[in-house]
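Below is one structure, written out as structure tokens; the observations come after it.
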Amino acid sequence: MKTLAALVGFCLWAAYSPGYAQEVAKDTMHVKAKVEHHFGIKELDVFHKTLHPLVHESMPDGDYETIRAHIGDLQEEAMAIGKAKLPKKFASRKKEFQKQSQVLVEQLTELNEIKDKVDDDTFVNKFNEMHEAFEQLAGLLTEE
């Protein structure tokens with residue numbers, strides 16, 4: 001009887017262990033996704049705080065409506081980035097930073113105009129292009 005109980009227990013454990021491991025991994029990913037980055041520029045940090053969950057939670061979940069709903073917020077926040085003062089250590093990159101921040105604003109302006117008019121695939125492609133522009137902008141604030 002003990003052997004049967006042990007066998008049933010083992011079978012139940014084996015059946016549910018992979019699912020449990022996946023849930024733990026998923027929870028760990030969400031914890032990692034909430035890690036904040038600080039770029040040293042308040043306006044860029046504010047923008048990233050809005051963008052990060054859209055890229056790392058909404059996008060993988062296919063929740064494009066949530067992303068669409070925040071495009072206007074991102075557009076306003078991106079406009080503030082262009083007016084931000086760069087730390088002295090990045091003063092030599094000011095023109096490039098302003099140019100790239102303008103690219104970001106232009107892409108968000110376009111996204112805001114088309115967000116309710118295009119299919120999901122087109123929207124996602126444009127959103128990913130905008131995210132890449134942000135990554136390039138943020139990359140200007142890395143030390144060499």
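Going by the structure tokens order, chains are called A, B, ..., each with residues numbered from 1, while ligands are numbered from 1 in the order shown.
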
Shell of 12 Å around Thr142 (chain A), only C-alpha atoms, local chain residues under 6 positions omitted, as number ranges by chain: A: 38-40, 87, 89-90, 93, 97, 135-136

Those same residues, written as a tab-separated table (two decimals), in the first residue's frame with C-alpha atoms?
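For reference, out24.tsv as written:
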```tsv
chain	number	residue	atom	x	y	z
A	38	HIS	CA	18.37	55.25	-14.90
A	39	PHE	CA	19.88	57.19	-17.76
A	40	GLY	CA	20.87	60.26	-15.79
A	87	PRO	CA	25.09	65.90	-18.33
A	89	LYS	CA	30.15	64.33	-19.75
A	90	PHE	CA	27.89	63.92	-22.82
A	93	ARG	CA	26.88	64.39	-28.17
A	97	PHE	CA	21.13	63.48	-29.06
A	135	GLU	CA	17.53	52.34	-27.97
A	136	GLN	CA	19.80	54.39	-30.24
```

Test item: residues at most 10 Å from region 102-111 of chain A, only C-alpha atoms, excluding those fewer than 2 positions along its chain, as a ChimeraX atom specification: /A:68,71-82,96-100,113-118,123-124,126-127,129-137

Resulting file, chosen residues, C-alpha atoms, as an mmCIF file, in the first residue's frame:
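The resulting file, part_25.cif, is reproduced below:
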```cif
data_model
loop_
_atom_site.group_PDB
_atom_site.id
_atom_site.type_symbol
_atom_site.label_atom_id
_atom_site.label_comp_id
_atom_site.auth_asym_id
_atom_site.auth_seq_id
_atom_site.Cartn_x
_atom_site.Cartn_y
_atom_site.Cartn_z
ATOM 1 C CA ARG A 68 -2.055 51.983 -28.542
ATOM 2 C CA ILE A 71 1.230 56.180 -27.571
ATOM 3 C CA GLY A 72 0.019 59.703 -26.777
ATOM 4 C CA ASP A 73 1.755 59.578 -23.379
ATOM 5 C CA LEU A 74 4.968 58.399 -25.012
ATOM 6 C CA GLN A 75 4.711 61.166 -27.610
ATOM 7 C CA GLU A 76 4.415 63.859 -24.928
ATOM 8 C CA GLU A 77 7.258 62.357 -22.922
ATOM 9 C CA ALA A 78 9.454 62.145 -26.037
ATOM 10 C CA MET A 79 8.883 65.854 -26.726
ATOM 11 C CA ALA A 80 10.245 66.623 -23.265
ATOM 12 C CA ILE A 81 13.383 64.573 -23.980
ATOM 13 C CA GLY A 82 14.401 66.966 -26.775
ATOM 14 C CA GLU A 96 23.344 63.900 -32.135
ATOM 15 C CA PHE A 97 21.132 63.481 -29.057
ATOM 16 C CA GLN A 98 18.767 66.238 -30.202
ATOM 17 C CA LYS A 99 18.632 64.803 -33.721
ATOM 18 C CA GLN A 100 17.844 61.286 -32.452
ATOM 19 C CA GLU A 113 -1.790 59.320 -36.149
ATOM 20 C CA ILE A 114 -2.059 55.758 -37.492
ATOM 21 C CA LYS A 115 -2.572 53.714 -34.311
ATOM 22 C CA ASP A 116 -6.304 53.224 -34.870
ATOM 23 C CA LYS A 117 -6.129 53.010 -38.662
ATOM 24 C CA VAL A 118 -3.664 50.182 -39.326
ATOM 25 C CA PHE A 123 1.383 48.858 -35.890
ATOM 26 C CA VAL A 124 3.839 46.422 -34.293
ATOM 27 C CA LYS A 126 6.174 50.844 -36.502
ATOM 28 C CA PHE A 127 6.262 50.416 -32.728
ATOM 29 C CA GLU A 129 11.044 50.941 -35.208
ATOM 30 C CA MET A 130 10.234 53.548 -32.570
ATOM 31 C CA HIS A 131 11.672 51.308 -29.852
ATOM 32 C CA GLU A 132 14.866 50.928 -31.871
ATOM 33 C CA ALA A 133 15.081 54.735 -32.169
ATOM 34 C CA PHE A 134 14.784 54.935 -28.392
ATOM 35 C CA GLU A 135 17.529 52.343 -27.968
ATOM 36 C CA GLN A 136 19.803 54.391 -30.244
ATOM 37 C CA LEU A 137 19.008 57.520 -28.256
#
```

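Atom to atom, CA of Leu86 (chain A) and CA of His48 (chain A) stand 16.3 Å apart.
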
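Rounded to one decimal, CA of Ser58 (chain A) and CA of Asp120 (chain A) lie 13.0 Å from each other.
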
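CA of Ala138 (chain A) sits 24.5 Å away from CA of Thr122 (chain A).
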
For Leu54 (chain A): contacts at 9 Å, only C-alpha atoms, fewer than 4 positions along chain excluded, given as a VMD selection string: chain A and resid 50 58 to 60 63 to 64 66 to 67 70
